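Colleague: Data: start_35.cif, mmCIF, C-alpha atoms.
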data_data
loop_
_atom_site.label_atom_id
_atom_site.label_comp_id
_atom_site.auth_asym_id
_atom_site.auth_seq_id
_atom_site.Cartn_x
_atom_site.Cartn_y
_atom_site.Cartn_z
CA MET A 37 108.56 88.97 78.58
CA CYS A 38 109.84 91.40 81.13
CA GLN A 39 112.61 89.96 83.27
CA HIS A 40 111.03 90.77 86.62
CA CYS A 41 107.77 89.13 85.53
CA ILE A 42 109.56 85.93 84.49
CA GLU A 43 111.22 85.69 87.88
CA HIS A 44 108.62 87.03 90.28
CA ALA A 45 105.15 87.19 88.75
CA GLY A 46 103.94 83.82 90.03
CA SER A 47 100.37 83.27 88.91
CA ALA A 48 99.68 86.99 88.44
CA LYS A 49 99.96 88.84 85.15
CA ARG A 50 102.60 91.27 86.39
CA TRP A 51 105.23 90.97 89.10
CA TYR A 52 103.92 94.08 90.88
CA LEU A 53 100.34 92.79 90.89
CA ASN A 54 101.40 89.53 92.52
CA ILE A 55 99.65 89.57 95.89
CA GLU A 56 102.54 87.62 97.45
CA ALA A 57 104.80 90.58 96.75
CA LEU A 58 102.74 92.65 99.20
CA ASN A 59 103.03 90.07 101.95
CA GLU A 60 105.16 91.51 104.75
CA LYS A 61 106.32 88.05 105.77
CA ASN A 62 108.38 87.84 102.58
CA ALA A 63 110.08 91.16 103.19
CA ASP A 64 113.82 91.13 103.76
CA VAL A 65 113.52 93.58 106.65
CA GLU A 66 117.25 93.74 107.35
CA TRP A 67 118.06 94.86 103.83
CA ILE A 68 115.19 97.34 103.65
CA LYS A 69 116.34 98.85 106.92
CA LYS A 70 119.90 99.06 105.65
CA TYR A 71 118.75 100.67 102.41
CA HIS A 72 116.73 103.35 104.16
CA THR A 73 119.25 104.16 106.86
CA GLU A 74 122.33 104.11 104.61
CA TYR A 75 120.58 105.68 101.63
CA SER A 76 123.19 108.33 100.92
CA GLU A 77 126.06 105.88 101.28
CA ILE A 78 124.48 103.29 98.95
CA ASN A 79 123.41 105.73 96.23
CA ILE A 80 125.97 108.52 96.44
CA VAL A 81 129.22 107.58 98.18
CA LYS A 82 129.72 103.99 97.01
CA PRO A 83 128.81 104.37 93.31
CA LYS A 84 131.53 107.03 93.15
CA GLU A 85 134.15 104.81 94.77
CA GLU A 86 133.26 101.32 93.56
CA GLY A 87 131.29 102.07 90.41
CA ILE A 88 129.39 99.50 88.39
CA ASN A 89 130.08 96.47 90.63
CA HIS A 90 128.45 98.14 93.58
CA ILE A 91 125.39 99.09 91.51
CA ARG A 92 125.03 95.52 90.21
CA GLU A 93 124.97 94.30 93.80
CA VAL A 94 122.32 96.88 94.76
CA VAL A 95 120.14 96.09 91.75
CA LYS A 96 119.97 92.42 92.80
CA HIS A 97 118.02 93.61 95.82
CA ARG A 98 116.20 96.61 94.40
CA LYS A 99 114.01 95.99 91.37
CA GLY A 100 112.15 98.78 89.67
CA GLN A 101 109.78 99.31 86.79
CA VAL A 102 107.84 102.17 85.24
CA VAL A 103 104.06 101.78 85.59
CA LEU A 104 101.09 103.58 84.13
CA PHE A 105 98.89 105.85 86.21
CA GLU A 106 96.04 103.33 86.40
CA GLU A 107 98.38 100.51 87.42
CA ALA A 108 99.81 102.64 90.21
CA VAL A 109 96.29 103.38 91.47
CA LYS A 110 95.42 99.69 91.22
CA LEU A 111 98.42 98.85 93.38
CA CYS A 112 97.37 101.46 95.96
CA LYS A 113 93.93 99.86 95.97
CA ALA A 114 95.42 96.45 96.71
CA VAL A 115 97.51 97.87 99.55
CA GLU A 116 94.52 99.62 101.07
CA LYS A 117 92.53 96.41 100.87
CA ILE A 118 95.19 94.56 102.85
CA GLY A 119 96.21 97.12 105.44
CA GLY A 120 93.38 99.67 105.55
CA PRO A 121 93.67 103.41 104.78
CA GLU A 122 96.26 104.00 107.50
CA SER A 123 98.79 101.72 105.86
CA MET A 124 100.09 104.26 103.32
CA ILE A 125 102.03 107.49 103.61
CA ALA A 126 103.05 110.13 101.09
CA THR A 127 106.36 111.60 102.07
CA PHE A 128 109.41 113.31 100.60
CA CYS A 129 111.59 111.77 97.97
CA PRO A 130 115.13 111.14 99.27
CA CYS A 131 116.57 111.26 95.74
CA ARG A 132 115.39 114.82 95.19
CA HIS A 133 116.38 115.77 98.72
CA LEU A 134 119.99 114.62 98.27
CA ARG A 135 120.36 115.74 94.64
CA GLY A 136 118.97 119.26 94.93
CA GLY A 137 115.64 118.60 93.24
CA PHE A 138 112.41 120.48 93.69
CA ILE A 139 110.82 119.08 96.87
CA SER A 140 107.51 120.89 96.99
CA GLU A 141 105.28 117.81 96.96
CA PRO A 142 105.35 114.49 98.83
CA PHE A 143 106.26 112.36 95.82
CA CYS A 144 107.16 109.12 97.60
CA ILE A 145 104.33 106.72 98.51
CA ALA A 146 105.39 104.02 100.98
CA TRP A 147 103.55 101.34 102.92
CA GLY A 148 104.05 98.44 105.29
CA VAL A 149 107.64 97.72 106.23
CA SER A 150 109.03 100.58 104.14
CA MET A 151 106.60 103.01 105.77
CA ASN A 152 108.02 102.28 109.21
CA PHE A 153 111.51 103.23 108.06
CA LYS A 154 110.25 106.27 106.20
CA LYS A 155 108.57 107.47 109.37
CA ALA A 156 111.91 107.36 111.18
CA TYR A 157 113.38 109.48 108.38
CA ILE A 158 110.55 112.03 108.60
CA ASN A 159 111.43 112.89 112.20
CA LYS A 160 114.73 114.32 110.98
CA LEU A 161 113.12 116.60 108.38
CA PRO A 162 112.67 120.34 108.94
CA GLN A 163 109.22 121.53 110.07
CA ARG A 164 108.27 123.14 106.74
CA PHE A 165 108.45 119.72 105.04
CA LYS A 166 106.51 117.91 107.76
CA LYS A 167 103.39 119.98 107.07
CA LYS A 168 103.06 118.58 103.56
CA ILE A 169 103.24 114.89 104.41
CA ILE A 170 99.98 113.09 103.68
CA TYR A 171 99.07 110.43 106.24
CA PRO A 172 96.89 108.43 105.91
CA PHE A 173 97.17 108.34 102.13
CA THR A 174 94.07 106.84 100.52
CA VAL A 175 93.20 105.54 97.06
CA ASP A 176 91.22 108.71 96.40
CA ASP A 177 94.33 110.77 97.10
CA ALA A 178 96.29 108.56 94.75
CA ASN A 179 93.70 108.91 92.02
CA GLU A 180 93.72 112.67 92.27
CA LEU A 181 97.38 113.40 92.96
CA PHE A 182 99.12 111.02 90.56
CA LYS A 183 97.29 112.63 87.65
CA GLU A 184 97.92 116.13 88.95
CA TRP A 185 101.63 115.49 89.39
CA GLU A 186 101.87 113.93 85.94
CA ILE A 187 100.53 117.09 84.34
CA LYS A 188 102.08 119.68 86.64
CA ASN A 189 105.46 118.15 87.49
CA LYS A 190 105.95 115.78 84.51
CA VAL A 191 106.77 112.90 86.86
CA ILE A 192 106.64 109.24 85.93
CA HIS A 193 105.44 106.51 88.31
CA GLY A 194 107.65 103.62 89.27
CA VAL A 195 107.22 100.63 91.57
CA PHE A 196 110.14 99.28 93.55
CA GLY A 197 110.52 95.82 95.04
CA PHE A 198 113.11 95.13 97.71
CA GLY A 199 114.60 91.66 98.16
CA LYS A 200 116.61 89.12 96.18
CA ASP A 201 114.36 86.11 95.61
CA LYS A 202 110.93 87.35 96.58
CA PRO A 203 110.85 91.12 96.20
CA TYR A 204 108.61 92.90 98.66
CA ILE A 205 106.97 95.85 96.95
CA GLY A 206 107.11 98.78 99.30
CA VAL A 207 107.04 102.06 97.39
CA ILE A 208 105.60 103.88 94.40
CA CYS A 209 107.86 106.72 93.38
CA ASN A 210 107.05 109.68 91.22
CA CYS A 211 110.37 110.13 89.53
CA GLU A 212 112.03 112.66 87.32
CA MET A 213 115.38 112.95 85.62
CA PRO A 214 118.09 113.76 86.54
CA TYR A 215 117.48 113.32 90.26
CA CYS A 216 116.10 109.77 90.39
CA HIS A 217 118.89 107.41 91.48
CA PRO A 218 117.56 104.17 89.94
CA MET A 219 116.88 105.88 86.62
CA LYS A 220 120.24 107.59 86.61
CA GLN A 221 121.98 104.32 87.44
CA ARG A 222 120.16 102.61 84.59
CA MET A 223 121.26 105.26 82.11
CA LYS A 224 124.80 105.68 83.37
CA TYR A 225 125.83 102.05 83.95
CA ASP A 226 123.48 100.49 81.38
CA ILE A 227 121.77 98.18 83.90
CA PRO A 228 118.12 98.02 82.78
CA GLU A 229 116.95 95.90 85.75
CA SER A 230 117.39 98.96 87.93
CA TYR A 231 114.38 100.64 86.30
CA LEU A 232 112.70 98.64 83.55
CA LYS A 233 110.48 100.25 80.93
CA SER A 234 106.76 99.76 81.41
CA HIS A 235 104.57 97.07 79.86
CA TYR A 236 103.16 99.61 77.45
CA VAL A 237 104.39 101.84 74.67
CA VAL A 238 102.90 104.96 73.10
CA SER A 239 101.01 104.93 69.83
CA VAL A 240 99.90 108.22 68.26
CA ASN A 241 96.70 108.57 66.26
CA THR A 242 97.89 111.15 63.72
CA ASN A 243 94.31 111.99 62.63
CA LYS A 244 93.35 113.08 66.13
CA CYS A 245 96.62 114.90 66.91
CA LYS A 246 96.08 118.65 67.13
CA GLY A 247 99.76 119.52 67.11
CA CYS A 248 99.73 121.21 70.52
CA GLY A 249 103.23 119.95 71.35
CA ASN A 250 102.46 119.18 75.01
CA CYS A 251 103.80 115.64 74.63
CA GLN A 252 107.17 116.86 73.37
CA MET A 253 107.38 119.34 76.22
CA HIS A 254 106.54 116.77 78.90
CA CYS A 255 108.50 113.69 77.77
CA GLN A 256 111.50 113.12 80.05
CA PHE A 257 113.21 110.83 77.58
CA GLY A 258 112.97 112.96 74.44
CA ALA A 259 111.08 110.11 72.82
CA ILE A 260 108.22 112.06 71.23
CA ARG A 261 108.53 114.95 68.82
CA LEU A 262 106.17 117.28 67.02
CA THR A 263 107.09 117.23 63.36
CA ASP A 264 106.70 120.19 61.03
CA ARG A 265 103.84 118.35 59.34
CA GLY A 266 101.75 119.11 62.40
CA PHE A 267 101.52 115.81 64.23
CA ALA A 268 103.57 114.02 66.87
CA VAL A 269 105.87 111.11 66.13
CA VAL A 270 107.15 108.73 68.79
CA ASN A 271 110.57 107.08 68.91
CA SER A 272 109.32 103.81 70.38
CA ILE A 273 112.81 102.54 71.19
CA ASN A 274 113.42 105.45 73.56
CA CYS A 275 109.85 105.41 74.90
CA PHE A 276 109.57 104.22 78.50
CA GLY A 277 105.79 103.91 78.32
CA CYS A 278 105.13 106.13 81.33
CA GLY A 279 101.93 107.69 79.94
CA VAL A 280 102.81 111.29 80.80
CA CYS A 281 102.26 112.42 77.19
CA ARG A 282 98.87 110.71 77.16
CA SER A 283 97.59 112.68 80.13
CA THR A 284 98.70 116.02 78.69
CA CYS A 285 97.42 115.39 75.16
CA GLU A 286 94.76 117.90 74.09
CA GLY A 287 93.31 115.80 71.29
CA ASP A 288 93.17 112.45 73.13
CA ALA A 289 95.38 111.12 70.32
CA ILE A 290 97.75 109.01 72.42
CA LYS A 291 96.98 105.42 73.23
CA MET A 292 99.08 102.94 75.21
CA VAL A 293 99.60 99.58 73.50
CA GLU A 294 101.11 96.41 74.96
CA ARG A 295 104.86 96.19 74.45
CA GLU A 296 104.63 92.38 74.21
CA ASN A 297 102.60 92.60 71.02
CA ILE A 298 105.19 94.58 69.09
CA PRO A 299 107.97 92.35 67.69
CA LEU A 300 110.56 95.14 67.57
CA LEU A 301 110.01 96.09 71.20
CA LYS A 302 109.20 92.89 73.02
CA GLU A 303 112.83 92.21 73.91
CA ARG A 304 113.61 95.84 74.82
CA TRP A 305 112.88 96.59 78.44
CA MET B 89 136.52 114.34 76.64
CA GLY B 90 136.97 113.78 80.32
CA VAL B 91 135.50 116.32 82.67
CA SER B 92 136.46 116.29 86.32
CA VAL B 93 134.71 118.26 89.02
CA SER B 94 136.41 118.69 92.35
CA ILE B 95 135.49 120.43 95.58
CA ASP B 96 137.86 121.98 98.08
CA TYR B 97 136.37 120.61 101.31
CA GLU B 98 138.38 122.99 103.47
CA LYS B 99 136.51 125.95 102.02
CA CYS B 100 133.07 124.27 101.78
CA PHE B 101 132.07 124.73 105.42
CA ASN B 102 128.25 124.42 105.42
CA PRO B 103 127.27 121.90 102.71
CA ALA B 104 123.88 120.85 104.13
CA GLY B 105 122.75 124.43 104.68
CA CYS B 106 123.86 125.84 101.33
CA VAL B 107 123.29 123.20 98.59
CA LYS B 108 123.32 125.93 95.91
CA CYS B 109 125.43 123.80 93.57
CA LEU B 110 122.99 120.89 93.90
CA GLN B 111 120.04 123.05 93.05
CA ILE B 112 121.58 124.76 90.04
CA CYS B 113 123.18 121.74 88.32
CA PRO B 114 121.11 120.75 85.26
CA VAL B 115 122.34 117.14 85.24
CA ALA B 116 122.56 116.59 89.03
CA VAL B 117 126.28 115.92 89.15
CA PHE B 118 126.42 116.53 92.89
CA GLY B 119 125.00 114.50 95.74
CA LEU B 120 124.71 115.33 99.42
CA ALA B 121 126.17 112.49 101.48
CA SER B 122 125.90 112.21 105.22
CA PHE B 123 128.47 110.55 107.46
CA LYS B 124 128.47 109.61 111.09
CA GLU B 125 131.72 110.73 112.62
CA THR B 126 133.10 110.63 116.11
CA GLY B 127 134.20 114.11 117.14
CA VAL B 128 137.15 114.99 119.35
CA ASP B 129 134.91 114.85 122.44
CA GLY B 130 133.88 111.27 121.60
CA VAL B 131 130.29 112.14 120.69
CA MET B 132 128.81 110.73 117.46
CA LYS B 133 128.07 113.59 115.10
CA LYS B 134 126.47 113.69 111.71
CA SER B 135 128.50 115.49 109.11
CA TYR B 136 127.66 116.27 105.50
CA ARG B 137 129.73 116.44 102.39
CA ILE B 138 128.88 117.29 98.79
CA ILE B 139 130.28 114.70 96.42
CA PRO B 140 130.49 115.22 92.63
CA THR B 141 129.35 111.65 91.87
CA ASP B 142 128.48 111.97 88.21
CA ASP B 143 131.11 114.35 86.90
CA ASP B 144 131.34 112.29 83.71
CA LEU B 145 127.85 113.61 82.86
CA CYS B 146 128.91 117.23 83.38
CA VAL B 147 127.96 119.56 80.54
CA VAL B 148 130.47 122.26 81.61
CA CYS B 149 127.92 125.05 82.01
CA ASN B 150 129.99 126.47 84.90
CA SER B 151 126.86 127.48 86.84
CA CYS B 152 128.16 125.76 89.97
CA THR B 153 131.49 127.58 89.99
CA GLU B 154 129.63 130.88 89.69
CA VAL B 155 126.94 130.19 92.27
CA CYS B 156 129.25 128.79 94.97
CA PRO B 157 129.65 131.48 97.66
CA GLU B 158 133.07 130.17 98.70
CA LYS B 159 134.29 129.52 95.12
CA CYS B 160 135.42 126.05 96.07
CA ILE B 161 134.30 124.10 93.00
CA VAL B 162 136.80 123.48 90.21
CA VAL B 163 135.71 122.13 86.83
CA LYS B 164 138.52 120.82 84.65
CA VAL B 165 138.15 119.69 81.05
#
What is this file in structure tokens?

Modeller:
Amino acid sequence: MCQHCIEHAGSAKRWYLNIEALNEKNADVEWIKKYHTEYSEINIVKPKEEGINHIREVVKHRKGQVVLFEEAVKLCKAVEKIGGPESMIATFCPCRHLRGGFISEPFCIAWGVSMNFKKAYINKLPQRFKKKIIYPFTVDDANELFKEWEIKNKVIHGVFGFGKDKPYIGVICNCEMPYCHPMKQRMKYDIPESYLKSHYVVSVNTNKCKGCGNCQMHCQFGAIRLTDRGFAVVNSINCFGCGVCRSTCEGDAIKMVERENIPLLKERW
Amino acid sequence: MGVSVSIDYEKCFNPAGCVKCLQICPVAVFGLASFKETGVDGVMKKSYRIIPTDDDLCVVCNSCTEVCPEKCIVVKV
């Protein structure tokens, strides 16, 4: 089982679908505030100076996991149910901002406690960015935009929980390598808890595969490849189960299967 | 093979306004860090600095040394 689920799922099936994790009373507001105000220091200055020990300390408080498109929408639905349509905002991704990424779209969805700190950050942004911020951000927006970004920008969706014992889930990110800090920290320091793989893994139906090669082009992890025999083959150990290849597939040949059910993969998160 | 990337901060005078090296780097070696500093007049000021945080991932494409208008980035292998 996935480590975050063992520790924080409670009675729910997944840790990020646990309704307690959306309860603002459980949020460690002090730490969330510190994380948002000292973002560049925590993710850029200190990893350079203190290295792996600093990242281990951060990861205790910041837990992340890749989720599928429909799970991300489901989470948005739960948030809207609790706080109404005005409880979510789509704003700019600080990782891309500080790493020189392409910041054309508001890739960062925040709500509740995190939203309040994000709003403070927005005031400092230049005017041309402010125009693109989506507030209020509704489930319909999520449904439409997450899919669009998957296909157009090749982004993967990730949920992040902030807090040591009871993580408060505050953001859905639409991440891409090499700008995403949690993903980069996972790869560089080999700390999987920073950004766990999703609960699913890709399975290709070779009969349906048309050999278009979109999956190979869109995979951020180099986990799927079009062979010269005309169909795609997945390296399931590298696969993060983000579902980007599935949404770009022309032949509807890609299916997501539960990671838990595959003996080789059930301990690899 | 150890690659080290260093920046001459005396020449890099407008990091937050330029960020050309950040945008061109294929592996995002650089990061833009902000600091709060007290100036000579005692007023808190925000200053920026580009830090080559992940120079161990550098692929030595030398795009940053070419794009930098002040030629202040040095890549050593």

Colleague: How many Å separate CA of Glu141 in chain A from CA of Glu184 in chain A?

Modeller: 11.0 Å

Colleague: Env of range 113-118 of chain B: 9 Å cut, atoms = only C-alpha atoms, seq-sep filter 3 positions within chain, self excluded. Answer as a list in words.

Modeller: Ile80, Leu134, Arg135, Gly136, Gly137, Met213, Pro214 and Tyr215 of chain A; Val93, Lys108, Cys109, Leu110, Ile138, Ile139, Pro140, Thr141, Asp142, Asp143, Asp144, Leu145, Cys146, Val147, Cys149, Asn150, Ser151 and Cys152 of chain B

Colleague: Can you measure CA of Gly258 in chain A to CA of Asn274 in chain A for me? One decimal in Å is fine.

Modeller: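 Interatomic distance here is 7.6 Å.
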
Colleague: Counting all atoms listed in the file, write as number ranges by chain all protein and nucleic acid residues lying at most 10 Å from (140.3, 124.5, 82.4) in the file's frame.

Modeller: B: 91-92, 162-165

Colleague: Show me, as a Markdown table, the residues of chain A having an atom within 10 Å of chain B, each with the closest atom pair and its distance in Å, using all atoms listed in the file.

Modeller:
| residue | atom | partner | partner_atom | distance |
| --- | --- | --- | --- | --- |
| A:Glu74 | CA | B:Ser122 | CA | 8.9 |
| A:Tyr75 | CA | B:Ala121 | CA | 8.8 |
| A:Ser76 | CA | B:Ala121 | CA | 5.1 |
| A:Glu77 | CA | B:Ala121 | CA | 6.6 |
| A:Ile78 | CA | B:Ala121 | CA | 9.7 |
| A:Asn79 | CA | B:Gly119 | CA | 8.9 |
| A:Ile80 | CA | B:Gly119 | CA | 6.1 |
| A:Val81 | CA | B:Ala121 | CA | 6.7 |
| A:Lys82 | CA | B:Thr141 | CA | 9.2 |
| A:Pro83 | CA | B:Thr141 | CA | 7.4 |
| A:Lys84 | CA | B:Thr141 | CA | 5.3 |
| A:Glu85 | CA | B:Thr141 | CA | 8.8 |
| A:Gly87 | CA | B:Thr141 | CA | 9.9 |
| A:Cys131 | CA | B:Gly119 | CA | 9.0 |
| A:Arg132 | CA | B:Ala116 | CA | 9.6 |
| A:His133 | CA | B:Leu120 | CA | 8.4 |
| A:Leu134 | CA | B:Leu120 | CA | 4.9 |
| A:Arg135 | CA | B:Gly119 | CA | 4.9 |
| A:Gly136 | CA | B:Gln111 | CA | 4.4 |
| A:Gly137 | CA | B:Gln111 | CA | 6.3 |
| A:Phe138 | CA | B:Gln111 | CA | 8.1 |
| A:Met213 | CA | B:Val115 | CA | 8.1 |
| A:Pro214 | CA | B:Val115 | CA | 5.6 |
| A:Tyr215 | CA | B:Ala116 | CA | 6.2 |
| A:Cys216 | CA | B:Ala116 | CA | 9.5 |
| A:Lys220 | CA | B:Asp142 | CA | 9.5 |
| A:Lys224 | CA | B:Leu145 | CA | 8.5 |

Colleague: List as a ChimeraX atom specification the protein and nucleic acid residues near Val270 in chain A, meaning an atom at most 12 Å away when all atoms listed in the file are counted, but skip any in the same chain fewer than 6 places from it.

Modeller: /A:237-242,251-252,255,257-263,276-277,281-282,290-292

Colleague: Generate the output file for the selected residues, C-alpha atoms, as a PDB file, in the coordinates of the input.

Modeller:
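Now in part.pdb:
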ATOM      1  CA  VAL A 237     104.390 101.840  74.670  1.00  0.00           C
ATOM      2  CA  VAL A 238     102.900 104.960  73.100  1.00  0.00           C
ATOM      3  CA  SER A 239     101.010 104.930  69.830  1.00  0.00           C
ATOM      4  CA  VAL A 240      99.900 108.220  68.260  1.00  0.00           C
ATOM      5  CA  ASN A 241      96.700 108.570  66.260  1.00  0.00           C
ATOM      6  CA  THR A 242      97.890 111.150  63.720  1.00  0.00           C
ATOM      7  CA  CYS A 251     103.800 115.640  74.630  1.00  0.00           C
ATOM      8  CA  GLN A 252     107.170 116.860  73.370  1.00  0.00           C
ATOM      9  CA  CYS A 255     108.500 113.690  77.770  1.00  0.00           C
ATOM     10  CA  PHE A 257     113.210 110.830  77.580  1.00  0.00           C
ATOM     11  CA  GLY A 258     112.970 112.960  74.440  1.00  0.00           C
ATOM     12  CA  ALA A 259     111.080 110.110  72.820  1.00  0.00           C
ATOM     13  CA  ILE A 260     108.220 112.060  71.230  1.00  0.00           C
ATOM     14  CA  ARG A 261     108.530 114.950  68.820  1.00  0.00           C
ATOM     15  CA  LEU A 262     106.170 117.280  67.020  1.00  0.00           C
ATOM     16  CA  THR A 263     107.090 117.230  63.360  1.00  0.00           C
ATOM     17  CA  PHE A 276     109.570 104.220  78.500  1.00  0.00           C
ATOM     18  CA  GLY A 277     105.790 103.910  78.320  1.00  0.00           C
ATOM     19  CA  CYS A 281     102.260 112.420  77.190  1.00  0.00           C
ATOM     20  CA  ARG A 282      98.870 110.710  77.160  1.00  0.00           C
ATOM     21  CA  ILE A 290      97.750 109.010  72.420  1.00  0.00           C
ATOM     22  CA  LYS A 291      96.980 105.420  73.230  1.00  0.00           C
ATOM     23  CA  MET A 292      99.080 102.940  75.210  1.00  0.00           C
TER      24      MET A 292
END

Colleague: Hey, which of A:Lys113, A:Ile205, A:Lys96, A:Pro142 ends up closest to Lys166 in chain A? Count all atoms listed in the file.

Modeller: A:Pro142

Colleague: Quick one: distance from CA of Lys160 in chain A to CA of Val128 in chain B in Å, one decimal?

Modeller: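 CA of Lys160 in chain A sits 23.9 Å away from CA of Val128 in chain B.
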